[in-house]
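See below for data-v7.pdb, which holds PDB, C-alpha atoms and all ligand atoms.
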```
ATOM      1  CA  MET A  30     -35.216 -16.307-111.040  1.00  0.00           C
ATOM      2  CA  LYS A  31     -33.384 -19.303-109.609  1.00  0.00           C
ATOM      3  CA  ARG A  32     -31.912 -18.721-106.130  1.00  0.00           C
ATOM      4  CA  GLU A  33     -29.381 -20.870-104.328  1.00  0.00           C
ATOM      5  CA  ILE A  34     -27.936 -20.863-100.794  1.00  0.00           C
ATOM      6  CA  ILE A  35     -24.163 -20.330-100.592  1.00  0.00           C
ATOM      7  CA  THR A  36     -21.646 -20.039 -97.714  1.00  0.00           C
ATOM      8  CA  THR A  37     -19.742 -16.739 -97.425  1.00  0.00           C
ATOM      9  CA  GLY A  38     -16.188 -16.080 -96.203  1.00  0.00           C
ATOM     10  CA  ASP A  39     -17.085 -15.781 -92.504  1.00  0.00           C
ATOM     11  CA  GLY A  40     -19.089 -19.029 -92.487  1.00  0.00           C
ATOM     12  CA  SER A  41     -22.524 -17.373 -92.615  1.00  0.00           C
ATOM     13  CA  LYS A  42     -24.865 -18.274 -95.467  1.00  0.00           C
ATOM     14  CA  THR A  43     -26.564 -16.080 -98.013  1.00  0.00           C
ATOM     15  CA  ILE A  44     -28.747 -16.385-101.111  1.00  0.00           C
ATOM     16  CA  GLN A  45     -27.359 -16.101-104.621  1.00  0.00           C
ATOM     17  CA  ILE A  46     -29.404 -15.163-107.691  1.00  0.00           C
ATOM     18  CA  MET A  47     -27.962 -17.559-110.230  1.00  0.00           C
ATOM     19  CA  ASP A  48     -28.786 -15.679-113.457  1.00  0.00           C
ATOM     20  CA  TRP A  49     -27.288 -12.465-112.100  1.00  0.00           C
ATOM     21  CA  GLN A  50     -24.405 -13.999-110.099  1.00  0.00           C
ATOM     22  CA  GLU A  51     -25.517 -11.531-107.415  1.00  0.00           C
ATOM     23  CA  GLN A  52     -25.736 -12.277-103.674  1.00  0.00           C
ATOM     24  CA  TYR A  53     -27.965 -10.942-100.873  1.00  0.00           C
ATOM     25  CA  HIS A  54     -24.762 -10.189 -98.902  1.00  0.00           C
ATOM     26  CA  SER A  55     -21.028  -9.942 -99.488  1.00  0.00           C
ATOM     27  CA  LYS A  56     -19.347 -13.198-100.506  1.00  0.00           C
ATOM     28  CA  HIS A  57     -16.536 -12.196 -98.122  1.00  0.00           C
ATOM     29  CA  GLY A  58     -18.854 -12.523 -95.117  1.00  0.00           C
ATOM     30  CA  ALA A  59     -22.576 -11.839 -94.773  1.00  0.00           C
ATOM     31  CA  ILE A  60     -22.564 -11.228 -91.015  1.00  0.00           C
ATOM     32  CA  GLN A  61     -19.297  -9.252 -91.124  1.00  0.00           C
ATOM     33  CA  GLU A  62     -20.733  -6.974 -93.808  1.00  0.00           C
ATOM     34  CA  ALA A  63     -24.010  -6.432 -91.949  1.00  0.00           C
ATOM     35  CA  TYR A  64     -22.171  -5.434 -88.766  1.00  0.00           C
ATOM     36  CA  HIS A  65     -19.744  -3.141 -90.544  1.00  0.00           C
ATOM     37  CA  VAL A  66     -22.145  -1.284 -92.847  1.00  0.00           C
ATOM     38  CA  PHE A  67     -25.368  -1.141 -90.885  1.00  0.00           C
ATOM     39  CA  ILE A  68     -24.436  -1.420 -87.195  1.00  0.00           C
ATOM     40  CA  LYS A  69     -20.964   0.149 -86.890  1.00  0.00           C
ATOM     41  CA  SER A  70     -21.541   2.859 -89.536  1.00  0.00           C
ATOM     42  CA  GLY A  71     -25.262   3.412 -88.867  1.00  0.00           C
ATOM     43  CA  LEU A  72     -26.919   2.186 -85.667  1.00  0.00           C
ATOM     44  CA  ASP A  73     -23.868   3.139 -83.572  1.00  0.00           C
ATOM     45  CA  LEU A  74     -24.568   6.839 -84.212  1.00  0.00           C
ATOM     46  CA  PHE A  75     -27.697   6.647 -82.054  1.00  0.00           C
ATOM     47  CA  ASN A  76     -28.474   5.940 -78.423  1.00  0.00           C
ATOM     48  CA  ASP A  77     -31.080   6.630 -75.723  1.00  0.00           C
ATOM     49  CA  GLN A  78     -33.958   7.391 -78.092  1.00  0.00           C
ATOM     50  CA  GLU A  79     -36.836   6.010 -80.126  1.00  0.00           C
ATOM     51  CA  LEU A  80     -35.405   5.162 -83.528  1.00  0.00           C
ATOM     52  CA  ASN A  81     -37.354   4.659 -86.762  1.00  0.00           C
ATOM     53  CA  ILE A  82     -35.393   2.449 -89.147  1.00  0.00           C
ATOM     54  CA  LEU A  83     -36.275   1.751 -92.792  1.00  0.00           C
ATOM     55  CA  GLU A  84     -34.650  -1.199 -94.508  1.00  0.00           C
ATOM     56  CA  ILE A  85     -34.491  -1.232 -98.287  1.00  0.00           C
ATOM     57  CA  GLY A  86     -34.628  -4.937 -99.029  1.00  0.00           C
ATOM     58  CA  PHE A  87     -35.759  -6.978 -95.982  1.00  0.00           C
ATOM     59  CA  GLY A  88     -34.605 -10.212 -97.680  1.00  0.00           C
ATOM     60  CA  THR A  89     -33.380 -12.833 -95.211  1.00  0.00           C
ATOM     61  CA  GLY A  90     -34.024 -10.564 -92.215  1.00  0.00           C
ATOM     62  CA  LEU A  91     -30.321 -10.676 -91.243  1.00  0.00           C
ATOM     63  CA  ASN A  92     -30.000  -6.895 -90.781  1.00  0.00           C
ATOM     64  CA  ALA A  93     -33.223  -6.757 -88.789  1.00  0.00           C
ATOM     65  CA  PHE A  94     -32.133  -9.665 -86.598  1.00  0.00           C
ATOM     66  CA  ILE A  95     -28.699  -8.175 -85.878  1.00  0.00           C
ATOM     67  CA  THR A  96     -30.389  -4.881 -85.008  1.00  0.00           C
ATOM     68  CA  LEU A  97     -32.636  -6.810 -82.619  1.00  0.00           C
ATOM     69  CA  ILE A  98     -29.558  -8.334 -80.964  1.00  0.00           C
ATOM     70  CA  GLU A  99     -27.811  -4.948 -80.706  1.00  0.00           C
ATOM     71  CA  TYR A 100     -30.415  -2.312 -79.830  1.00  0.00           C
ATOM     72  CA  GLU A 101     -30.646  -2.964 -76.094  1.00  0.00           C
ATOM     73  CA  LYS A 102     -26.950  -2.174 -75.553  1.00  0.00           C
ATOM     74  CA  ARG A 103     -27.658   1.337 -76.882  1.00  0.00           C
ATOM     75  CA  ASN A 104     -30.888   1.800 -74.929  1.00  0.00           C
ATOM     76  CA  LEU A 105     -32.943   2.312 -78.100  1.00  0.00           C
ATOM     77  CA  GLN A 106     -36.619   1.729 -78.758  1.00  0.00           C
ATOM     78  CA  ILE A 107     -36.854   0.535 -82.338  1.00  0.00           C
ATOM     79  CA  LYS A 108     -39.627   0.857 -84.895  1.00  0.00           C
ATOM     80  CA  TYR A 109     -38.274  -1.150 -87.811  1.00  0.00           C
ATOM     81  CA  THR A 110     -39.866  -1.077 -91.269  1.00  0.00           C
ATOM     82  CA  GLY A 111     -38.615  -3.610 -93.808  1.00  0.00           C
ATOM     83  CA  VAL A 112     -39.668  -3.178 -97.443  1.00  0.00           C
ATOM     84  CA  GLU A 113     -39.467  -6.195 -99.729  1.00  0.00           C
ATOM     85  CA  ALA A 114     -41.146  -7.062-103.044  1.00  0.00           C
ATOM     86  CA  TYR A 115     -40.091 -10.720-103.256  1.00  0.00           C
ATOM     87  CA  PRO A 116     -40.115 -12.412 -99.813  1.00  0.00           C
ATOM     88  CA  VAL A 117     -37.705 -15.245 -99.059  1.00  0.00           C
ATOM     89  CA  SER A 118     -39.430 -18.648 -98.826  1.00  0.00           C
ATOM     90  CA  PRO A 119     -39.643 -20.764 -95.615  1.00  0.00           C
ATOM     91  CA  GLU A 120     -37.524 -23.440 -97.367  1.00  0.00           C
ATOM     92  CA  GLU A 121     -34.752 -20.899 -98.002  1.00  0.00           C
ATOM     93  CA  LEU A 122     -34.944 -19.551 -94.443  1.00  0.00           C
ATOM     94  CA  GLU A 123     -34.483 -23.040 -93.023  1.00  0.00           C
ATOM     95  CA  GLN A 124     -31.128 -23.346 -94.792  1.00  0.00           C
ATOM     96  CA  LEU A 125     -29.675 -20.133 -93.333  1.00  0.00           C
ATOM     97  CA  ASN A 126     -27.436 -20.398 -90.249  1.00  0.00           C
ATOM     98  CA  TYR A 127     -27.657 -16.955 -88.650  1.00  0.00           C
ATOM     99  CA  LEU A 128     -28.841 -18.154 -85.233  1.00  0.00           C
ATOM    100  CA  GLU A 129     -25.864 -20.501 -84.932  1.00  0.00           C
ATOM    101  CA  GLU A 130     -23.278 -18.094 -86.365  1.00  0.00           C
ATOM    102  CA  LEU A 131     -24.496 -15.264 -84.117  1.00  0.00           C
ATOM    103  CA  GLU A 132     -24.619 -17.626 -81.114  1.00  0.00           C
ATOM    104  CA  SER A 133     -28.239 -16.610 -80.673  1.00  0.00           C
ATOM    105  CA  LEU A 134     -30.116 -19.907 -80.646  1.00  0.00           C
ATOM    106  CA  SER A 135     -32.019 -18.643 -77.614  1.00  0.00           C
ATOM    107  CA  ARG A 136     -33.595 -15.991 -79.891  1.00  0.00           C
ATOM    108  CA  LYS A 137     -34.995 -18.511 -82.396  1.00  0.00           C
ATOM    109  CA  ASP A 138     -38.575 -17.545 -81.516  1.00  0.00           C
ATOM    110  CA  ASP A 139     -37.842 -13.876 -82.273  1.00  0.00           C
ATOM    111  CA  PHE A 140     -36.234 -14.737 -85.636  1.00  0.00           C
ATOM    112  CA  ASP A 141     -39.149 -17.014 -86.548  1.00  0.00           C
ATOM    113  CA  LEU A 142     -41.700 -14.385 -85.522  1.00  0.00           C
ATOM    114  CA  MET A 143     -39.985 -11.786 -87.707  1.00  0.00           C
ATOM    115  CA  HIS A 144     -40.563 -14.011 -90.704  1.00  0.00           C
ATOM    116  CA  ALA A 145     -43.928 -15.489 -89.773  1.00  0.00           C
ATOM    117  CA  SER A 146     -45.502 -12.125 -88.933  1.00  0.00           C
ATOM    118  CA  ALA A 147     -48.088 -10.737 -91.344  1.00  0.00           C
ATOM    119  CA  TRP A 148     -47.141  -8.185 -93.961  1.00  0.00           C
ATOM    120  CA  GLY A 149     -48.495  -4.673 -93.498  1.00  0.00           C
ATOM    121  CA  LYS A 150     -48.984  -4.928 -89.714  1.00  0.00           C
ATOM    122  CA  GLU A 151     -46.882  -3.603 -86.863  1.00  0.00           C
ATOM    123  CA  ILE A 152     -45.795  -6.572 -84.713  1.00  0.00           C
ATOM    124  CA  GLU A 153     -44.150  -6.485 -81.295  1.00  0.00           C
ATOM    125  CA  ILE A 154     -41.088  -8.744 -81.472  1.00  0.00           C
ATOM    126  CA  THR A 155     -39.919  -7.566 -78.031  1.00  0.00           C
ATOM    127  CA  SER A 156     -41.329  -4.733 -75.921  1.00  0.00           C
ATOM    128  CA  ASN A 157     -38.873  -2.237 -77.456  1.00  0.00           C
ATOM    129  CA  PHE A 158     -38.578  -3.667 -80.964  1.00  0.00           C
ATOM    130  CA  HIS A 159     -41.574  -3.362 -83.254  1.00  0.00           C
ATOM    131  CA  LEU A 160     -41.437  -4.632 -86.827  1.00  0.00           C
ATOM    132  CA  THR A 161     -43.574  -3.694 -89.816  1.00  0.00           C
ATOM    133  CA  LYS A 162     -42.872  -5.559 -93.047  1.00  0.00           C
ATOM    134  CA  GLN A 163     -44.241  -3.952 -96.183  1.00  0.00           C
ATOM    135  CA  GLN A 164     -44.516  -6.025 -99.344  1.00  0.00           C
ATOM    136  CA  LYS A 165     -44.114  -3.489-102.120  1.00  0.00           C
ATOM    137  CA  PHE A 166     -41.647  -1.917-104.540  1.00  0.00           C
ATOM    138  CA  PHE A 167     -39.163   0.663-103.293  1.00  0.00           C
ATOM    139  CA  LYS A 168     -40.490   3.178-105.824  1.00  0.00           C
ATOM    140  CA  ASP A 169     -43.868   3.056-104.032  1.00  0.00           C
ATOM    141  CA  ILE A 170     -42.539   4.189-100.621  1.00  0.00           C
ATOM    142  CA  ASP A 171     -44.462   7.357 -99.831  1.00  0.00           C
ATOM    143  CA  GLU A 172     -43.715   8.131 -96.161  1.00  0.00           C
ATOM    144  CA  THR A 173     -42.361  11.601 -95.391  1.00  0.00           C
ATOM    145  CA  ASP A 174     -40.145  12.890 -92.516  1.00  0.00           C
ATOM    146  CA  ARG A 175     -40.435   9.579 -90.707  1.00  0.00           C
ATOM    147  CA  PHE A 176     -37.112   7.675 -90.540  1.00  0.00           C
ATOM    148  CA  ASP A 177     -33.938   8.391 -88.539  1.00  0.00           C
ATOM    149  CA  LEU A 178     -31.891   5.673 -90.191  1.00  0.00           C
ATOM    150  CA  ILE A 179     -32.114   3.934 -93.568  1.00  0.00           C
ATOM    151  CA  TYR A 180     -30.329   0.675 -94.304  1.00  0.00           C
ATOM    152  CA  PHE A 181     -30.053   0.898 -98.106  1.00  0.00           C
ATOM    153  CA  ASP A 182     -29.401  -2.727 -99.049  1.00  0.00           C
ATOM    154  CA  ALA A 183     -30.667  -3.119-102.621  1.00  0.00           C
ATOM    155  CA  PHE A 184     -28.913  -5.394-105.114  1.00  0.00           C
ATOM    156  CA  GLY A 185     -25.968  -3.713-106.806  1.00  0.00           C
ATOM    157  CA  ALA A 186     -26.196  -1.135-109.593  1.00  0.00           C
ATOM    158  CA  ARG A 187     -24.626  -3.698-111.964  1.00  0.00           C
ATOM    159  CA  VAL A 188     -27.889  -5.706-111.917  1.00  0.00           C
ATOM    160  CA  GLN A 189     -30.524  -3.151-110.786  1.00  0.00           C
ATOM    161  CA  PRO A 190     -29.261   0.295-111.918  1.00  0.00           C
ATOM    162  CA  GLU A 191     -32.799   1.691-111.617  1.00  0.00           C
ATOM    163  CA  LEU A 192     -32.550   1.417-107.793  1.00  0.00           C
ATOM    164  CA  TRP A 193     -29.492   3.700-107.509  1.00  0.00           C
ATOM    165  CA  THR A 194     -30.941   6.776-109.201  1.00  0.00           C
ATOM    166  CA  VAL A 195     -31.893  10.332-108.276  1.00  0.00           C
ATOM    167  CA  LYS A 196     -35.533   9.200-108.371  1.00  0.00           C
ATOM    168  CA  ILE A 197     -35.017   6.528-105.684  1.00  0.00           C
ATOM    169  CA  PHE A 198     -32.732   8.672-103.495  1.00  0.00           C
ATOM    170  CA  GLN A 199     -35.315  11.477-103.629  1.00  0.00           C
ATOM    171  CA  ILE A 200     -37.827   9.004-102.154  1.00  0.00           C
ATOM    172  CA  MET A 201     -35.266   8.143 -99.418  1.00  0.00           C
ATOM    173  CA  PHE A 202     -34.574  11.838 -98.729  1.00  0.00           C
ATOM    174  CA  ASN A 203     -38.297  12.567 -98.400  1.00  0.00           C
ATOM    175  CA  ALA A 204     -38.869   9.557 -96.131  1.00  0.00           C
ATOM    176  CA  MET A 205     -36.104  10.647 -93.764  1.00  0.00           C
ATOM    177  CA  LYS A 206     -36.279  13.081 -90.849  1.00  0.00           C
ATOM    178  CA  ARG A 207     -33.906  16.062 -90.780  1.00  0.00           C
ATOM    179  CA  GLY A 208     -30.703  14.787 -89.131  1.00  0.00           C
ATOM    180  CA  GLY A 209     -31.331  11.307 -90.469  1.00  0.00           C
ATOM    181  CA  VAL A 210     -28.669   8.985 -91.864  1.00  0.00           C
ATOM    182  CA  LEU A 211     -28.606   6.504 -94.769  1.00  0.00           C
ATOM    183  CA  VAL A 212     -25.921   3.824 -94.971  1.00  0.00           C
ATOM    184  CA  THR A 213     -25.099   1.536 -97.862  1.00  0.00           C
ATOM    185  CA  TYR A 214     -22.326  -0.853 -98.858  1.00  0.00           C
ATOM    186  CA  ALA A 215     -22.072   0.854-102.265  1.00  0.00           C
ATOM    187  CA  ALA A 216     -19.333   3.353-103.114  1.00  0.00           C
ATOM    188  CA  LYS A 217     -19.750   4.044-106.847  1.00  0.00           C
ATOM    189  CA  GLY A 218     -19.227   7.621-108.037  1.00  0.00           C
ATOM    190  CA  SER A 219     -22.586   7.675-109.860  1.00  0.00           C
ATOM    191  CA  VAL A 220     -24.375   6.625-106.650  1.00  0.00           C
ATOM    192  CA  ARG A 221     -22.629   9.320-104.635  1.00  0.00           C
ATOM    193  CA  ARG A 222     -23.535  11.942-107.251  1.00  0.00           C
ATOM    194  CA  ALA A 223     -27.207  10.876-107.237  1.00  0.00           C
ATOM    195  CA  MET A 224     -27.245  11.250-103.424  1.00  0.00           C
ATOM    196  CA  LEU A 225     -25.632  14.697-103.619  1.00  0.00           C
ATOM    197  CA  GLU A 226     -28.121  15.809-106.273  1.00  0.00           C
ATOM    198  CA  VAL A 227     -31.120  15.248-103.990  1.00  0.00           C
ATOM    199  CA  GLY A 228     -29.468  17.199-101.155  1.00  0.00           C
ATOM    200  CA  PHE A 229     -27.695  14.619 -98.991  1.00  0.00           C
ATOM    201  CA  LEU A 230     -24.287  15.321 -97.453  1.00  0.00           C
ATOM    202  CA  VAL A 231     -22.236  12.263 -98.395  1.00  0.00           C
ATOM    203  CA  GLU A 232     -19.198  10.713 -96.706  1.00  0.00           C
ATOM    204  CA  ARG A 233     -16.967   7.925 -97.963  1.00  0.00           C
ATOM    205  CA  LEU A 234     -16.096   5.478 -95.166  1.00  0.00           C
ATOM    206  CA  PRO A 235     -13.843   2.411 -95.111  1.00  0.00           C
ATOM    207  CA  GLY A 236     -15.771  -0.550 -96.532  1.00  0.00           C
ATOM    208  CA  PRO A 237     -16.384  -4.008 -95.062  1.00  0.00           C
ATOM    209  CA  PRO A 238     -13.873  -6.840 -95.767  1.00  0.00           C
ATOM    210  CA  GLY A 239     -13.333  -7.140 -99.519  1.00  0.00           C
ATOM    211  CA  LYS A 240     -14.437  -3.564-100.249  1.00  0.00           C
ATOM    212  CA  ARG A 241     -12.357  -0.410-100.050  1.00  0.00           C
ATOM    213  CA  GLU A 242     -15.165   2.083 -99.382  1.00  0.00           C
ATOM    214  CA  MET A 243     -18.860   2.486 -98.573  1.00  0.00           C
ATOM    215  CA  LEU A 244     -21.161   5.531 -98.400  1.00  0.00           C
ATOM    216  CA  ARG A 245     -23.017   7.301 -95.615  1.00  0.00           C
ATOM    217  CA  ALA A 246     -25.485  10.090 -96.462  1.00  0.00           C
ATOM    218  CA  LYS A 247     -26.958  12.650 -94.047  1.00  0.00           C
ATOM    219  CA  LYS A 248     -30.011  14.894 -94.361  1.00  0.00           C
ATOM    220  CA  GLN A 249     -28.986  18.135 -92.641  1.00  0.00           C
TER
HETATM  221  C1  LIG A 301     -29.324  -7.318-101.313  1.00  0.00           C
HETATM  222  S1  LIG A 301     -30.874  -8.074-101.036  1.00  0.00           S
HETATM  223  C2  LIG A 301     -31.300  -7.573 -99.391  1.00  0.00           C
HETATM  224  C3  LIG A 301     -30.660  -8.371 -98.327  1.00  0.00           C
HETATM  225  C4  LIG A 301     -31.309  -8.159 -96.987  1.00  0.00           C
HETATM  226  N1  LIG A 301     -31.098  -6.820 -96.485  1.00  0.00           N
HETATM  227  C5  LIG A 301     -30.869  -9.214 -96.020  1.00  0.00           C
HETATM  228  O1  LIG A 301     -30.300  -8.880 -94.955  1.00  0.00           O
HETATM  229  O2  LIG A 301     -31.085 -10.371 -96.325  1.00  0.00           O
HETATM  230  C6  LIG A 301     -31.980  -6.999-101.952  1.00  0.00           C
HETATM  231  C7  LIG A 301     -33.444  -7.278-101.693  1.00  0.00           C
HETATM  232  O3  LIG A 301     -34.230  -6.350-102.438  1.00  0.00           O
HETATM  233  C8  LIG A 301     -35.381  -7.033-102.960  1.00  0.00           C
HETATM  234  N2  LIG A 301     -35.814  -6.263-104.145  1.00  0.00           N
HETATM  235  C9  LIG A 301     -35.239  -6.246-105.375  1.00  0.00           C
HETATM  236  N3  LIG A 301     -35.837  -5.320-106.161  1.00  0.00           N
HETATM  237  C10 LIG A 301     -36.811  -4.736-105.404  1.00  0.00           C
HETATM  238  C11 LIG A 301     -37.743  -3.679-105.646  1.00  0.00           C
HETATM  239  N4  LIG A 301     -37.773  -3.033-106.817  1.00  0.00           N
HETATM  240  N5  LIG A 301     -38.588  -3.336-104.651  1.00  0.00           N
HETATM  241  C12 LIG A 301     -38.570  -4.008-103.462  1.00  0.00           C
HETATM  242  N6  LIG A 301     -37.701  -5.019-103.174  1.00  0.00           N
HETATM  243  C13 LIG A 301     -36.819  -5.359-104.129  1.00  0.00           C
HETATM  244  C14 LIG A 301     -34.868  -8.414-103.249  1.00  0.00           C
HETATM  245  O4  LIG A 301     -35.903  -9.355-103.283  1.00  0.00           O
HETATM  246  C15 LIG A 301     -33.895  -8.658-102.102  1.00  0.00           C
HETATM  247  O5  LIG A 301     -34.524  -9.266-101.004  1.00  0.00           O
END
```

Is it possible to give me this structure as structure tokens?
Ligand SMILES: C[S@@+](CC[C@H](N)C(=O)[O-])C[C@H]1O[C@@H](n2cnc3c(N)ncnc32)[C@H](O)[C@@H]1O
Amino acid sequence: MKREIITTGDGSKTIQIMDWQEQYHSKHGAIQEAYHVFIKSGLDLFNDQELNILEIGFGTGLNAFITLIEYEKRNLQIKYTGVEAYPVSPEELEQLNYLEELESLSRKDDFDLMHASAWGKEIEITSNFHLTKQQKFFKDIDETDRFDLIYFDAFGARVQPELWTVKIFQIMFNAMKRGGVLVTYAAKGSVRRAMLEVGFLVERLPGPPGKREMLRAKKQ
């Protein structure tokens, strides 16, 4: 499917799938959304520990990179697993402006290493941030009781309804440790009900700019 780079409301770029008119991030602001949904509503719940994070849809690596910028302030040791079936190309990556927009040009080598690193291998990006990228479909995730935090960042239910089902959330529930948390930008009633059905406790939280609400699910 044809993909194109667009600029979002906060000046940061994202990728748009032309046929679907669907973006990798919010059109209102890619970086703003990532901070609100995944850092403020997810990562901020944890400090002083080793944290296993699973990202559903590694994509441009923006969420992983922001987590890399933020984890030290919370004294975390991160093991980050990013699952992705259709990796972004080097040509697309070159057109993104996250280093500039995040005023993190000094971390260019880390960003490049995240993308250049081999799939299926744990790589040390910094001494306390280890990344494993897995190239596979979400339905094939088979880890159990492993993750403290899941960034659920699939394309919307409008274009990929099969990724917002009881079947997929059961896989997330199984992959998560007791006490773990899943955050997503989505707020649809059907998504919330699918989460409840597999046993999550679900909260509605204020959404990022342009969105009234988002969801956070906990495995008690
Ligand atoms: C909303 S984008 C993720 C954006 C990403 N978190 C970022 O910061 O750039 C959704 C991602 O899921 C991937 N994807 C779509 N369907 C998938 C599937 N069934 N299994 C694995 N990856 C899939 C897409 O290629 C895309 O990279």

Identify, counting all atoms listed in the file, the protein, DNA and RNA residues located within 6 Å of ligand LIG 301 (chain A), and give them as a ChimeraX atom specification.
/A:53-54,86-92,113-115,165-167,182-184

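Proximity to A:Ile179 was assessed for A:Leu125, A:Met143, A:Met201, A:Val66 counting all atoms listed in the file; the smallest distance is recorded for A:Met201.
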
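Residues matched by the PyMOL selection byres (((chain A and resi 56) around 9) and not hetatm) in this file are Ile35, Thr36, Thr37, Gly38, Asp39, Thr43, Gln52, Tyr53, His54, Ser55, His57, Gly58, Ala59 and Gly239 of chain A.
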
Residue with the minimum atom-to-atom distance to A:Gln50, picked from A:Val188, A:Tyr180, A:Val117, A:Glu123 with only C-alpha atoms counted, is A:Val188

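With all atoms listed in the file as the atoms that count, the minimum distance from A:Arg245 to the choices A:Lys168, A:Arg103, A:Arg32, A:Lys69 is reached by A:Lys69.
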
Written as a ChimeraX atom specification, which residues does the PyMOL selection byres (((chain A and resi 214-231) around 7) and not hetatm) give for the file shown?
/A:66,193-195,198-199,213,232-233,236,242-248

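We find atom CA of A:Ile34 and atom CA of A:Met47 to be spaced 10.0 Å apart.
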
Please expand the PyMOL selection byres (((chain A and resi 148-157) around 12) and not hetatm) into the concrete residues it hits in this file, giving the result as a VMD selection string.
chain A and resid 77 to 81 87 93 to 94 96 to 101 103 to 116 136 to 147 158 to 165

Gap from atom CA of A:Leu72 to atom CA of A:Asp171 - Å, one decimal
23.1 Å

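The space between atom CA of A:Glu120 and atom CA of A:Glu62 spans 23.8 Å.
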
With distances taken over all atoms listed in the file, which residue among A:Lys102, A:Gln61, A:Ser41, A:Asp174 lies nearest A:Asp73?
A:Lys102

Put the listed atoms of stretch 148-159 of chain A in a box along x, y and z with 3 Å added on every side and give me the centre and edge lengths in Å to one decimal, as JSON.
```
{"center_x": -43.8, "center_y": -5.5, "center_z": -84.9, "size_x": 16.4, "size_y": 12.5, "size_z": 24.0}
```

Determine, counting only C-alpha atoms, which protein, DNA and RNA residues have an atom within 12 Å of an atom of A:Thr173; residues of the same chain fewer than 6 positions away are not included. Present the result as number ranges by chain.
A: 83, 199-207

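Closest to A:Glu132 among A:Ile170, A:Ile85, A:Ile60, A:Gln189 is A:Ile60, based on all atoms listed in the file.
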
So which one's closest to A:Ala63, A:Gly208, A:Pro238, A:Pro190, A:Pro119? Using all atoms listed in the file, please.
A:Pro238
